[in-house]
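K.L.:
File follows, data_33.pdb with PDB, C-alpha atoms:
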```pdb
MODEL        1
ATOM      1  CA  MET N   1       7.335  -2.858  28.902
ATOM      2  CA  ASN N   2      11.149  -2.760  28.615
ATOM      3  CA  THR N   3      10.780  -0.776  25.395
ATOM      4  CA  LEU N   4      13.050   1.877  23.926
ATOM      5  CA  GLY N   5      11.245   4.554  21.935
ATOM      6  CA  ILE N   6      13.375   6.156  19.222
ATOM      7  CA  VAL N   7      12.740   9.526  17.587
ATOM      8  CA  ILE N   8      14.953  10.716  14.731
ATOM      9  CA  THR N   9      14.966  14.247  13.381
ATOM     10  CA  TYR N  10      16.917  16.480  11.054
ATOM     11  CA  ARG N  11      16.948  20.007  12.501
ATOM     12  CA  GLU N  12      13.199  19.967  13.165
ATOM     13  CA  THR N  13      12.190  20.718  16.738
ATOM     14  CA  GLU N  14       8.520  21.601  17.267
ATOM     15  CA  LEU N  15       6.899  18.410  15.971
ATOM     16  CA  CYS N  16       9.822  16.425  17.340
ATOM     17  CA  LYS N  17       9.016  17.703  20.834
ATOM     18  CA  LYS N  18       5.463  16.407  20.498
ATOM     19  CA  ALA N  19       6.751  13.028  19.305
ATOM     20  CA  ILE N  20       9.082  12.740  22.296
ATOM     21  CA  LYS N  21       6.394  13.684  24.823
ATOM     22  CA  SER N  22       3.979  11.165  23.332
ATOM     23  CA  LEU N  23       6.574   8.447  23.979
ATOM     24  CA  VAL N  24       7.043   9.660  27.541
ATOM     25  CA  ASN N  25       3.272   9.485  28.061
ATOM     26  CA  SER N  26       3.437   5.896  26.799
ATOM     27  CA  GLY N  27       5.757   4.904  29.643
ATOM     28  CA  VAL N  28       8.804   3.927  27.571
ATOM     29  CA  ASP N  29      12.408   5.043  27.654
ATOM     30  CA  VAL N  30      13.318   7.577  24.966
ATOM     31  CA  ALA N  31      16.308   7.898  22.645
ATOM     32  CA  LEU N  32      16.700  11.002  20.484
ATOM     33  CA  VAL N  33      18.730  10.883  17.274
ATOM     34  CA  PHE N  34      19.385  14.441  16.111
ATOM     35  CA  ASN N  35      20.979  14.663  12.657
ATOM     36  CA  GLY N  36      22.545  17.970  11.680
ATOM     37  CA  TRP N  37      23.205  18.904  15.293
ATOM     38  CA  ASP N  38      24.322  22.446  16.049
ATOM     39  CA  GLU N  39      24.806  24.171  19.398
ATOM     40  CA  LYS N  40      22.032  26.613  18.512
ATOM     41  CA  TYR N  41      19.620  23.785  19.428
ATOM     42  CA  ARG N  42      21.117  23.434  22.912
ATOM     43  CA  LYS N  43      18.441  25.454  24.721
ATOM     44  CA  TRP N  44      15.716  23.453  23.007
ATOM     45  CA  LEU N  45      17.384  20.227  24.096
ATOM     46  CA  GLU N  46      17.886  21.405  27.675
ATOM     47  CA  LYS N  47      14.118  21.883  28.051
ATOM     48  CA  LEU N  48      13.631  18.221  27.106
ATOM     49  CA  GLU N  49      16.480  16.731  29.143
ATOM     50  CA  ASP N  50      14.111  15.199  31.698
ATOM     51  CA  TYR N  51      12.263  13.327  28.965
ATOM     52  CA  ILE N  52      15.236  11.867  27.089
ATOM     53  CA  ASP N  53      17.228   8.898  28.353
ATOM     54  CA  PHE N  54      19.744   8.614  25.506
ATOM     55  CA  LYS N  55      20.987  11.152  22.940
ATOM     56  CA  PHE N  56      22.786  10.798  19.631
ATOM     57  CA  LEU N  57      23.803  14.254  18.416
ATOM     58  CA  ASN N  58      25.207  13.835  14.912
ATOM     59  CA  ARG N  59      26.671  16.953  13.332
ATOM     60  CA  GLU N  60      26.296  15.363   9.904
ATOM     61  CA  ASN N  61      23.044  14.029   8.529
ATOM     62  CA  VAL N  62      23.902  10.341   8.694
ATOM     63  CA  GLY N  63      20.534   9.405   7.197
ATOM     64  CA  PHE N  64      17.445   7.653   8.496
ATOM     65  CA  CYS N  65      18.938   4.163   8.359
ATOM     66  CA  ARG N  66      22.213   4.750  10.151
ATOM     67  CA  GLY N  67      20.644   7.146  12.643
ATOM     68  CA  ASN N  68      18.007   4.658  13.756
ATOM     69  CA  ASN N  69      20.558   1.854  13.720
ATOM     70  CA  MET N  70      22.697   3.742  16.244
ATOM     71  CA  ALA N  71      19.790   3.744  18.706
ATOM     72  CA  MET N  72      18.695   0.186  17.924
ATOM     73  CA  LYS N  73      22.232  -1.077  18.584
ATOM     74  CA  LEU N  74      21.991   0.599  21.976
ATOM     75  CA  ALA N  75      18.671  -1.166  22.610
ATOM     76  CA  ILE N  76      20.314  -4.500  21.859
ATOM     77  CA  LYS N  77      23.271  -3.676  24.101
ATOM     78  CA  LYS N  78      20.969  -2.593  26.949
ATOM     79  CA  SER N  79      18.844  -5.770  26.598
ATOM     80  CA  TYR N  80      15.558  -4.069  25.745
ATOM     81  CA  ASP N  81      12.826  -6.433  24.533
ATOM     82  CA  TYR N  82      11.344  -4.023  21.997
ATOM     83  CA  VAL N  83      12.154  -0.847  20.109
ATOM     84  CA  PHE N  84       9.490   1.553  18.920
ATOM     85  CA  LEU N  85      10.487   3.805  16.022
ATOM     86  CA  LEU N  86       8.630   7.097  15.697
ATOM     87  CA  ASN N  87       9.201   9.741  13.037
ATOM     88  CA  ASN N  88       9.766  13.287  14.235
ATOM     89  CA  ASP N  89       6.510  14.248  12.462
ATOM     90  CA  ALA N  90       4.399  11.581  14.180
ATOM     91  CA  TYR N  91       2.967  10.942  17.644
ATOM     92  CA  VAL N  92       1.057   8.190  19.431
ATOM     93  CA  GLU N  93      -1.881   7.763  21.779
ATOM     94  CA  PRO N  94      -0.787   6.921  25.365
ATOM     95  CA  ASP N  95      -1.868   3.253  25.096
ATOM     96  CA  CYS N  96      -0.595   2.700  21.538
ATOM     97  CA  ILE N  97       2.659   0.927  22.407
ATOM     98  CA  GLU N  98       1.011  -1.088  25.182
ATOM     99  CA  GLU N  99      -1.527  -2.446  22.662
ATOM    100  CA  LEU N 100       1.263  -3.341  20.244
ATOM    101  CA  VAL N 101       3.241  -5.176  22.928
ATOM    102  CA  LYS N 102       0.149  -7.209  23.871
ATOM    103  CA  VAL N 103      -0.104  -8.554  20.333
ATOM    104  CA  MET N 104       3.656  -9.102  20.088
ATOM    105  CA  LYS N 105       3.600 -11.277  23.221
ATOM    106  CA  LYS N 106       0.846 -13.547  21.877
ATOM    107  CA  ASN N 107       2.926 -14.939  19.019
ATOM    108  CA  GLU N 108       6.656 -15.516  19.291
ATOM    109  CA  LYS N 109       7.078 -15.351  15.484
ATOM    110  CA  VAL N 110       5.581 -11.850  15.213
ATOM    111  CA  GLY N 111       8.607  -9.626  14.746
ATOM    112  CA  MET N 112       6.960  -6.289  13.937
ATOM    113  CA  VAL N 113       3.586  -4.686  14.560
ATOM    114  CA  GLN N 114       1.944  -1.659  12.964
ATOM    115  CA  PRO N 115      -0.503   0.678  14.698
ATOM    116  CA  LYS N 116      -3.376   2.260  12.821
ATOM    117  CA  VAL N 117      -1.813   5.505  11.623
ATOM    118  CA  TYR N 118      -4.021   8.473  10.698
ATOM    119  CA  LYS N 119      -3.170  11.680   8.895
ATOM    120  CA  ALA N 120      -2.347  14.126  11.678
ATOM    121  CA  TRP N 121      -4.406  16.876  10.039
ATOM    122  CA  ASN N 122      -7.501  14.675   9.628
ATOM    123  CA  LYS N 123      -7.997  11.935  12.196
ATOM    124  CA  LYS N 124     -10.518  10.113  10.039
ATOM    125  CA  ILE N 125      -8.189   9.612   7.068
ATOM    126  CA  LEU N 126      -5.743   6.708   7.133
ATOM    127  CA  ASP N 127      -2.024   7.158   6.597
ATOM    128  CA  THR N 128      -1.058   3.478   6.804
ATOM    129  CA  THR N 129      -2.222   0.131   8.134
ATOM    130  CA  GLY N 130       0.938  -1.647   7.044
ATOM    131  CA  HIS N 131       2.737  -2.524   3.814
ATOM    132  CA  ILE N 132       1.261  -4.575   0.966
ATOM    133  CA  PHE N 133       2.097  -5.120  -2.689
ATOM    134  CA  LYS N 134       0.360  -2.759  -5.069
ATOM    135  CA  TYR N 135      -0.562  -5.649  -7.358
ATOM    136  CA  GLY N 136      -0.918  -9.384  -6.995
ATOM    137  CA  ASP N 137      -1.467 -11.451  -3.854
ATOM    138  CA  LYS N 138      -1.551  -8.953  -0.978
ATOM    139  CA  TYR N 139      -0.201 -11.374   1.583
ATOM    140  CA  SER N 140       2.697 -13.020  -0.212
ATOM    141  CA  TRP N 141       6.101 -11.566  -0.986
ATOM    142  CA  GLU N 142       6.727 -14.327  -3.522
ATOM    143  CA  LYS N 143       3.504 -13.924  -5.527
ATOM    144  CA  GLY N 144       3.204 -10.163  -5.315
ATOM    145  CA  PHE N 145       4.623  -7.845  -7.954
ATOM    146  CA  GLY N 146       4.790  -4.140  -8.606
ATOM    147  CA  GLY N 147       5.591  -1.746  -5.773
ATOM    148  CA  VAL N 148       4.989  -1.919  -2.042
ATOM    149  CA  ILE N 149       2.514   0.659  -0.717
ATOM    150  CA  ASP N 150       0.998   1.779   2.572
ATOM    151  CA  ARG N 151      -2.338   0.000   2.784
ATOM    152  CA  GLY N 152      -5.298   2.329   3.146
ATOM    153  CA  GLN N 153      -3.413   5.591   2.643
ATOM    154  CA  TRP N 154      -5.807   8.517   1.969
ATOM    155  CA  GLU N 155      -8.832   6.305   2.615
ATOM    156  CA  LEU N 156     -11.619   7.239   5.030
ATOM    157  CA  ASP N 157     -11.361   4.830   7.947
ATOM    158  CA  GLU N 158     -14.498   2.716   8.115
ATOM    159  CA  GLY N 159     -12.867  -0.250   9.792
ATOM    160  CA  GLN N 160     -12.220  -1.885   6.414
ATOM    161  CA  TYR N 161      -8.854  -3.289   7.545
ATOM    162  CA  ASP N 162      -9.596  -3.976  11.215
ATOM    163  CA  ASP N 163     -10.177  -7.682  10.557
ATOM    164  CA  LYS N 164      -7.188  -7.983   8.189
ATOM    165  CA  PRO N 165      -4.188  -8.109  10.527
ATOM    166  CA  ASN N 166      -1.711  -9.835   8.201
ATOM    167  CA  VAL N 167       0.557  -7.462   6.287
ATOM    168  CA  LEU N 168       3.843  -7.789   4.438
ATOM    169  CA  GLY N 169       5.707  -5.315   6.613
ATOM    170  CA  CYS N 170       5.314  -2.122   8.627
ATOM    171  CA  CYS N 171       5.876   1.543   7.902
ATOM    172  CA  ALA N 172       8.700   2.893  10.067
ATOM    173  CA  CYS N 173       6.867   6.155  10.786
ATOM    174  CA  ALA N 174       5.493   4.290  13.831
ATOM    175  CA  VAL N 175       6.451   0.647  14.315
ATOM    176  CA  LEU N 176       7.314  -1.750  17.126
ATOM    177  CA  TYR N 177      10.167  -4.169  16.417
ATOM    178  CA  LYS N 178      11.053  -7.166  18.551
ATOM    179  CA  VAL N 179      14.715  -6.945  19.518
ATOM    180  CA  GLU N 180      15.028 -10.717  19.170
ATOM    181  CA  MET N 181      14.042 -10.353  15.516
ATOM    182  CA  LEU N 182      16.554  -7.549  14.942
ATOM    183  CA  LYS N 183      19.311  -9.676  16.441
ATOM    184  CA  ASN N 184      18.289 -12.489  14.106
ATOM    185  CA  VAL N 185      17.877 -10.611  10.798
ATOM    186  CA  GLY N 186      19.893  -7.427  11.295
ATOM    187  CA  LEU N 187      19.042  -3.726  11.330
ATOM    188  CA  PHE N 188      18.254  -1.251   8.532
ATOM    189  CA  TRP N 189      20.348  -1.623   5.382
ATOM    190  CA  GLU N 190      22.458   1.532   5.567
ATOM    191  CA  LYS N 191      23.245   1.518   1.846
ATOM    192  CA  LEU N 192      19.680   2.778   1.329
ATOM    193  CA  TRP N 193      20.420   5.877   3.480
ATOM    194  CA  SER N 194      16.741   6.817   3.599
ATOM    195  CA  GLN N 195      13.508   5.591   1.968
ATOM    196  CA  GLY N 196      12.455   1.981   1.556
ATOM    197  CA  GLU N 197      14.479   0.778   4.541
ATOM    198  CA  ASP N 198      11.336  -0.436   6.307
ATOM    199  CA  VAL N 199      10.211  -2.330   3.191
ATOM    200  CA  GLU N 200      13.594  -4.019   2.867
ATOM    201  CA  LEU N 201      13.710  -4.963   6.547
ATOM    202  CA  GLY N 202      10.178  -6.376   6.381
ATOM    203  CA  TRP N 203      11.012  -8.436   3.298
ATOM    204  CA  ARG N 204      14.230  -9.712   4.895
ATOM    205  CA  ALA N 205      12.424 -10.613   8.117
ATOM    206  CA  HIS N 206       9.784 -12.494   6.090
ATOM    207  CA  LYS N 207      12.541 -14.618   4.550
ATOM    208  CA  TYR N 208      13.702 -15.511   8.051
ATOM    209  CA  GLY N 209      10.176 -16.617   8.981
ATOM    210  CA  TRP N 210       9.055 -13.589  10.984
ATOM    211  CA  LYS N 211       5.523 -12.184  10.718
ATOM    212  CA  ALA N 212       4.208  -8.619  10.487
ATOM    213  CA  VAL N 213       0.837  -7.723  12.017
ATOM    214  CA  PHE N 214      -1.492  -4.707  11.943
ATOM    215  CA  VAL N 215      -3.063  -3.744  15.288
ATOM    216  CA  PRO N 216      -6.124  -1.465  14.837
ATOM    217  CA  GLU N 217      -6.498  -0.858  18.585
ATOM    218  CA  ALA N 218      -3.159   0.991  18.630
ATOM    219  CA  ILE N 219      -3.427   4.549  17.285
ATOM    220  CA  ALA N 220      -0.790   6.939  15.911
ATOM    221  CA  TYR N 221      -0.795  10.107  13.795
ATOM    222  CA  HIS N 222       1.596  11.214  11.055
ATOM    223  CA  TRP N 223       2.309  14.510   9.295
ATOM    224  CA  ARG N 224       3.641  12.567   6.295
ATOM    225  CA  GLY N 225       6.025  14.545   4.127
ATOM    226  CA  TYR N 226       6.595  17.326   6.666
ATOM    227  CA  SER N 227      10.376  16.860   6.601
ATOM    228  CA  THR N 228      10.590  17.405   2.843
ATOM    229  CA  HIS N 229       7.723  19.787   2.053
ATOM    230  CA  ASN N 230       9.866  22.911   1.890
ATOM    231  CA  ARG N 231      12.914  21.552   0.013
ATOM    232  CA  ASN N 232      14.171  23.286  -3.109
ATOM    233  CA  ASP N 233      13.643  21.850  -6.598
ATOM    234  CA  ASP N 234      17.059  20.191  -6.825
ATOM    235  CA  ILE N 235      16.632  18.371  -3.513
ATOM    236  CA  ALA N 236      13.081  17.365  -4.437
ATOM    237  CA  LYS N 237      14.493  15.889  -7.654
ATOM    238  CA  VAL N 238      17.122  13.844  -5.813
ATOM    239  CA  TRP N 239      14.470  12.642  -3.369
ATOM    240  CA  LYS N 240      12.566  11.243  -6.350
ATOM    241  CA  LEU N 241      15.703   9.601  -7.712
ATOM    242  CA  ILE N 242      16.236   7.942  -4.321
ATOM    243  CA  GLU N 243      12.848   6.236  -4.704
ATOM    244  CA  TYR N 244      13.838   4.644  -8.023
ATOM    245  CA  ARG N 245      17.371   3.811  -6.926
ATOM    246  CA  ASN N 246      16.406   2.267  -3.579
ATOM    247  CA  TRP N 247      13.624   0.118  -5.002
ATOM    248  CA  THR N 248      16.119  -1.185  -7.554
ATOM    249  CA  LEU N 249      18.483  -2.123  -4.717
ATOM    250  CA  ILE N 250      15.689  -3.809  -2.782
ATOM    251  CA  LEU N 251      14.465  -5.819  -5.781
ATOM    252  CA  ARG N 252      17.993  -6.873  -6.690
ATOM    253  CA  ARG N 253      18.455  -8.151  -3.144
ATOM    254  CA  HIS N 254      15.087  -9.846  -2.605
ATOM    255  CA  GLY N 255      12.925  -9.853  -5.735
ATOM    256  CA  ASN N 256      12.204 -12.776  -8.038
ATOM    257  CA  LEU N 257      12.399 -12.621 -11.844
ATOM    258  CA  LYS N 258       8.702 -11.848 -12.249
ATOM    259  CA  GLN N 259       8.960  -8.854  -9.916
ATOM    260  CA  LYS N 260      12.115  -7.582 -11.594
ATOM    261  CA  TYR N 261      10.808  -7.866 -15.152
ATOM    262  CA  PHE N 262       7.428  -6.378 -14.281
ATOM    263  CA  THR N 263       9.181  -3.374 -12.739
ATOM    264  CA  LEU N 264      11.600  -3.145 -15.680
ATOM    265  CA  ILE N 265       8.769  -2.936 -18.217
ATOM    266  CA  SER N 266       6.834  -0.475 -16.077
ATOM    267  CA  ARG N 267       9.859   1.804 -15.707
ATOM    268  CA  ILE N 268      10.696   1.782 -19.399
ATOM    269  CA  HIS N 269       7.174   3.091 -19.976
ATOM    270  CA  THR N 270       7.554   5.651 -17.158
ATOM    271  CA  GLY N 271      10.950   6.718 -18.510
ATOM    272  CA  CYS N 272       9.391   7.497 -21.874
ATOM    273  CA  LYS N 273       6.789   9.713 -20.206
ATOM    274  CA  PHE N 274       9.446  11.453 -18.133
ATOM    275  CA  TRP N 275      11.642  11.969 -21.216
ATOM    276  CA  VAL N 276       8.755  13.751 -22.935
ATOM    277  CA  GLY N 277       7.783  15.546 -19.725
ATOM    278  CA  LYS N 278      11.219  17.065 -19.242
ATOM    279  CA  ARG N 279      11.264  18.404 -22.785
ATOM    280  CA  THR N 280       7.829  19.933 -22.405
ATOM    281  CA  GLY N 281       8.590  21.454 -18.995
ATOM    282  CA  ARG N 282       6.350  19.180 -16.925
ATOM    283  CA  ASN N 283       9.144  17.665 -14.811
ATOM    284  CA  ASP N 284      12.879  17.912 -14.208
ATOM    285  CA  ILE N 285      13.729  14.226 -13.866
ATOM    286  CA  GLY N 286      13.829  13.027 -17.449
ATOM    287  CA  GLY N 287      13.888   9.435 -18.577
ATOM    288  CA  TYR N 288      17.590   8.568 -18.451
ATOM    289  CA  PHE N 289      17.857   7.710 -14.752
ATOM    290  CA  VAL N 290      14.522   5.869 -14.779
ATOM    291  CA  TRP N 291      15.718   3.742 -17.694
ATOM    292  CA  LEU N 292      19.019   3.103 -15.907
ATOM    293  CA  SER N 293      17.185   1.996 -12.766
ATOM    294  CA  ALA N 294      15.112  -0.387 -14.897
ATOM    295  CA  LEU N 295      18.017  -2.039 -16.691
ATOM    296  CA  ALA N 296      20.003  -2.127 -13.432
ATOM    297  CA  LEU N 297      17.520  -4.694 -12.148
ATOM    298  CA  ILE N 298      18.938  -7.380 -14.453
ATOM    299  CA  ASN N 299      22.384  -6.145 -15.505
ATOM    300  CA  ASP N 300      25.391  -5.412 -13.288
ATOM    301  CA  GLY N 301      26.920  -2.971 -15.769
ATOM    302  CA  PHE N 302      23.800  -0.805 -15.839
ATOM    303  CA  PHE N 303      23.615  -1.109 -12.048
ATOM    304  CA  ARG N 304      27.084   0.406 -11.695
ATOM    305  CA  ARG N 305      26.129   3.192 -14.120
ATOM    306  CA  MET N 306      22.964   3.897 -12.137
ATOM    307  CA  GLU N 307      24.934   4.113  -8.878
ATOM    308  CA  SER N 308      27.564   6.363 -10.456
ATOM    309  CA  GLU N 309      24.894   8.683 -11.861
ATOM    310  CA  PHE N 310      22.987   8.741  -8.575
ATOM    311  CA  TRP N 311      25.962   9.620  -6.373
ATOM    312  CA  LYS N 312      27.116  12.261  -8.836
ATOM    313  CA  ILE N 313      23.766  14.009  -8.521
ATOM    314  CA  PHE N 314      23.558  13.310  -4.786
ATOM    315  CA  LYS N 315      26.877  15.038  -4.061
ATOM    316  CA  ARG N 316      26.258  17.911  -6.467
ATOM    317  CA  VAL N 317      22.938  18.787  -4.881
ATOM    318  CA  MET N 318      24.266  18.185  -1.327
ATOM    319  CA  CYS N 319      21.449  15.770  -0.696
ATOM    320  CA  ILE N 320      22.936  15.210   2.742
ATOM    321  CA  GLU N 321      20.353  17.782   3.839
ATOM    322  CA  LEU N 322      17.571  15.276   3.215
ATOM    323  CA  LEU N 323      15.873  13.036   5.751
TER     324      LEU N 323
ENDMDL
END
```
Once you've parsed the file, please lay out its structure as structure tokens.

P.N.:
Amino acid sequence: MNTLGIVITYRETELCKKAIKSLVNSGVDVALVFNGWDEKYRKWLEKLEDYIDFKFLNRENVGFCRGNNMAMKLAIKKSYDYVFLLNNDAYVEPDCIEELVKVMKKNEKVGMVQPKVYKAWNKKILDTTGHIFKYGDKYSWEKGFGGVIDRGQWELDEGQYDDKPNVLGCCACAVLYKVEMLKNVGLFWEKLWSQGEDVELGWRAHKYGWKAVFVPEAIAYHWRGYSTHNRNDDIAKVWKLIEYRNWTLILRRHGNLKQKYFTLISRIHTGCKFWVGKRTGRNDIGGYFVWLSALALINDGFFRRMESEFWKIFKRVMCIELL
């Protein structure tokens, strides 16, 4: 299949091992990106040496975007036709990638394909069938507004999306990208660091005329949230701030006025609730950053203030531990 499978992890080994072996069973070459590398993981790595073709051992946590980009650049250099990204907390059925490649070959303008991803702890509940807008026309970046979500998440799979292959983009927990597309539109936007990078890439690819398709015959499983479930309160807070900050960056880069103003109004309302919530002990985020992220959509001055506030918190909390 001339495909490079890429698994990225931050100091997580047990689920990562399962992800790697599922790629091996799929008959693809494997690249491991290990963020936060330490020699204490050497014995673990030695047991997997026969399964891994390329290794990127980063002592720092360079983030999801840059980490995956390192391996995707290698795929371009080595003239692979496809790259398959797989989260460390996900795994695939042996024929998953083969089914995705079949669909990719049928249409030269299909640049990314999404398998049917189930919750790993319940193989009847969907995790994602691709990205769509939360509101508005589900199959149009221009007409949609609101946020982008994983279609079908938490729904019982009854085949309700099997005949709806067209999606806006694909969730990077398990996705096949055409290398030709990546060479045309570029890789993940590293300024995002982590979160929303797959949405931004899908939106950018759409602007270049590439299509995204859901393939129900291809099956994957995802322990969504495993990498962040045991983080402390400060890191959990910064993770939430990343969501607001990154979506602001994405909308500023790609969104139209309707999308920006809809999000602005929605966030002003959310900021008010968070402002009250912080003072009544229901959350630790408060409204200030949410309001900043709203106004930053339409004003460069507020955008700079949002970025300054974000990086101040990011560095204080040592969010570099996140992935």

K.L.:
Work out how far CA of Gly202 in chain N is from CA of Trp37 in chain N, in Å to one decimal.

P.N.:
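Taking CA of Trp37 in chain N as the start and CA of Gly202 in chain N as the end point, the length is 29.8 Å.
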
K.L.:
Give the answer as one residue: which of N:Leu201, N:Ile97, N:Ile20, N:Ile313 has the shortest atom-to-atom distance to Ala220 in chain N, using all atoms listed in the file?

P.N.:
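Looking at the shortest contact to Ala220 in chain N, the residue is N:Ile97.
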
K.L.:
Run the PyMOL selection byres ((chain N and resi 149) around 8) on the file and write out the hits as a list in words.

P.N.:
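Evaluating the PyMOL selection byres ((chain N and resi 149) around 8) on these coordinates yields His131, Ile132, Phe133, Lys134, Gly147, Val148, Asp150 and Arg151 of chain N.
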
K.L.:
Can I get the selection written as a PDB file, in the coordinates of the input, with C-alpha atoms?

P.N.:
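Result file is selection26.pdb:
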```pdb
ATOM      1  CA  HIS N 131       2.737  -2.524   3.814  1.00  0.00           C
ATOM      2  CA  ILE N 132       1.261  -4.575   0.966  1.00  0.00           C
ATOM      3  CA  PHE N 133       2.097  -5.120  -2.689  1.00  0.00           C
ATOM      4  CA  LYS N 134       0.360  -2.759  -5.069  1.00  0.00           C
ATOM      5  CA  GLY N 147       5.591  -1.746  -5.773  1.00  0.00           C
ATOM      6  CA  VAL N 148       4.989  -1.919  -2.042  1.00  0.00           C
ATOM      7  CA  ASP N 150       0.998   1.779   2.572  1.00  0.00           C
ATOM      8  CA  ARG N 151      -2.338   0.000   2.784  1.00  0.00           C
TER       9      ARG N 151
END
```

K.L.:
Can you pull out the residues contacting Leu187 in chain N? Cut-off 9 Å, using all atoms listed in the file, and skip same-chain residues under 6 positions away; I want them as number ranges by chain.

P.N.:
N: 65, 68-69, 72-73, 201

K.L.:
Which residues, written as a VMD selection string, have at least one atom at most 7 Å from Ile52 in chain N, with only C-alpha atoms counted and residues fewer than 6 positions away on the same chain left out?

P.N.:
chain N and resid 30 to 32

K.L.:
CA of Arg59 in chain N to CA of Leu45 in chain N: how many Å, to one decimal?

P.N.:
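About the pair CA of Arg59 in chain N and CA of Leu45 in chain N: they are 14.6 Å apart.
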
K.L.:
Please measure the separation of CA of Lys102 in chain N and CA of Phe84 in chain N, giving the value in Å to one decimal.

P.N.:
13.7 Å

K.L.:
Which residue, N:Phe274, N:Trp239, N:Phe214, N:Phe302, has the smallest gap to Val103 in chain N when you use all atoms listed in the file?

P.N.:
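For Val103 in chain N, the nearest of the candidates is N:Phe214.
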
K.L.:
For the provided coordinates, the residues matched by the PyMOL selection byres ((chain N and resi 311) around 12) should be stated as a list in words.

P.N.:
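This file gives the following for the PyMOL selection byres ((chain N and resi 311) around 12): Lys191, Trp193, Val238, Leu241, Ile242, Arg245, Phe289, Arg304, Arg305, Met306, Glu307, Ser308, Glu309, Phe310, Lys312, Ile313, Phe314, Lys315, Arg316, Val317, Met318, Cys319 and Ile320 of chain N.
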
K.L.:
Step by step, work through what the PyMOL selection byres ((chain N and resi 60) around 7) selects in the shown file, and finish by giving those residues as an MDAnalysis selection string.

P.N.:
chainID N and resid 35:36 58:59 61:62

K.L.:
Using only C-alpha atoms, can you tell me which of N:Thr128, N:Asn256, N:Ser194, N:Asn87 comes closest to Phe145 in chain N?

P.N.:
N:Asn256

K.L.:
Which residue, N:Val28, N:Leu23, N:Ala236, N:Leu176, has the smallest gap to Glu93 in chain N when you use all atoms listed in the file?

P.N.:
N:Leu23

K.L.:
Please identify all polymer residues within 10 Å of Glu158 in chain N, counting only C-alpha atoms, omitting same-chain residues fewer than 2 positions from it, and present them as an MDAnalysis selection string.

P.N.:
chainID N and resid 124:126 155:156 160:162

K.L.:
Compare N:Glu200, N:Asp300, N:Glu142, N:Glu217 by their minimum atom-to-atom distance to Ile250 in chain N, counting all atoms listed in the file, and give me the closest one.

P.N.:
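Distance minimum relative to Ile250 in chain N lands on N:Glu200.
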
K.L.:
What's around Gly144 in chain N at 8 Å? Count all atoms listed in the file, leave out sequence neighbours fewer than 2 positions away in its own chain, and write the answer as a ChimeraX atom specification.

P.N.:
/N:133-142,146,259

K.L.:
Show me as a VMD selection string the residues that reach within 12 Å of (19.1, -5.8, -18.3), counting all atoms listed in the file and using the file's own coordinates.

P.N.:
chain N and resid 252 257 260 to 261 263 to 265 268 291 to 303

K.L.:
Take the point (17.7, 8.3, 27.1) as written in the file and pick out every residue within 10 Å of it, counting only C-alpha atoms; give the list as a count of residues only.

P.N.:
17

K.L.:
Under the rule that all atoms listed in the file are counted, which of N:Lys116, N:Lys258, N:Arg279, N:Arg253 is the nearest residue to Val215 in chain N?

P.N.:
N:Lys116

K.L.:
Kindly write range 33-43 of chain N with N, CA and C atoms to a file, as a CSV table (one decimal), in the first residue's frame.

P.N.:
```csv
chain,number,residue,atom,x,y,z
N,33,VAL,N,6.5,8.5,17.1
N,33,VAL,CA,6.9,9.8,17.6
N,33,VAL,C,6.7,9.8,19.1
N,34,PHE,N,7.8,9.8,19.9
N,34,PHE,CA,7.7,9.7,21.3
N,34,PHE,C,8.1,11.1,21.9
N,35,ASN,N,7.1,11.8,22.4
N,35,ASN,CA,7.4,13.1,23.0
N,35,ASN,C,7.6,12.9,24.5
N,36,GLY,N,8.6,13.6,25.1
N,36,GLY,CA,9.0,13.4,26.5
N,36,GLY,C,9.8,12.2,26.7
N,37,TRP,N,10.7,11.9,25.7
N,37,TRP,CA,11.5,10.7,25.8
N,37,TRP,C,12.5,10.8,26.9
N,38,ASP,N,12.6,9.6,27.6
N,38,ASP,CA,13.6,9.4,28.6
N,38,ASP,C,14.2,8.0,28.5
N,39,GLU,N,15.4,7.8,28.9
N,39,GLU,CA,16.0,6.5,28.7
N,39,GLU,C,15.4,5.4,29.5
N,40,LYS,N,14.5,5.8,30.5
N,40,LYS,CA,13.8,4.8,31.3
N,40,LYS,C,12.8,4.0,30.4
N,41,TYR,N,12.5,4.5,29.2
N,41,TYR,CA,11.6,3.8,28.3
N,41,TYR,C,12.4,3.0,27.3
N,42,ARG,N,13.7,2.9,27.5
N,42,ARG,CA,14.5,2.2,26.5
N,42,ARG,C,14.1,0.7,26.4
N,43,LYS,N,13.9,0.0,27.5
N,43,LYS,CA,13.6,-1.4,27.5
N,43,LYS,C,12.3,-1.6,26.8
```
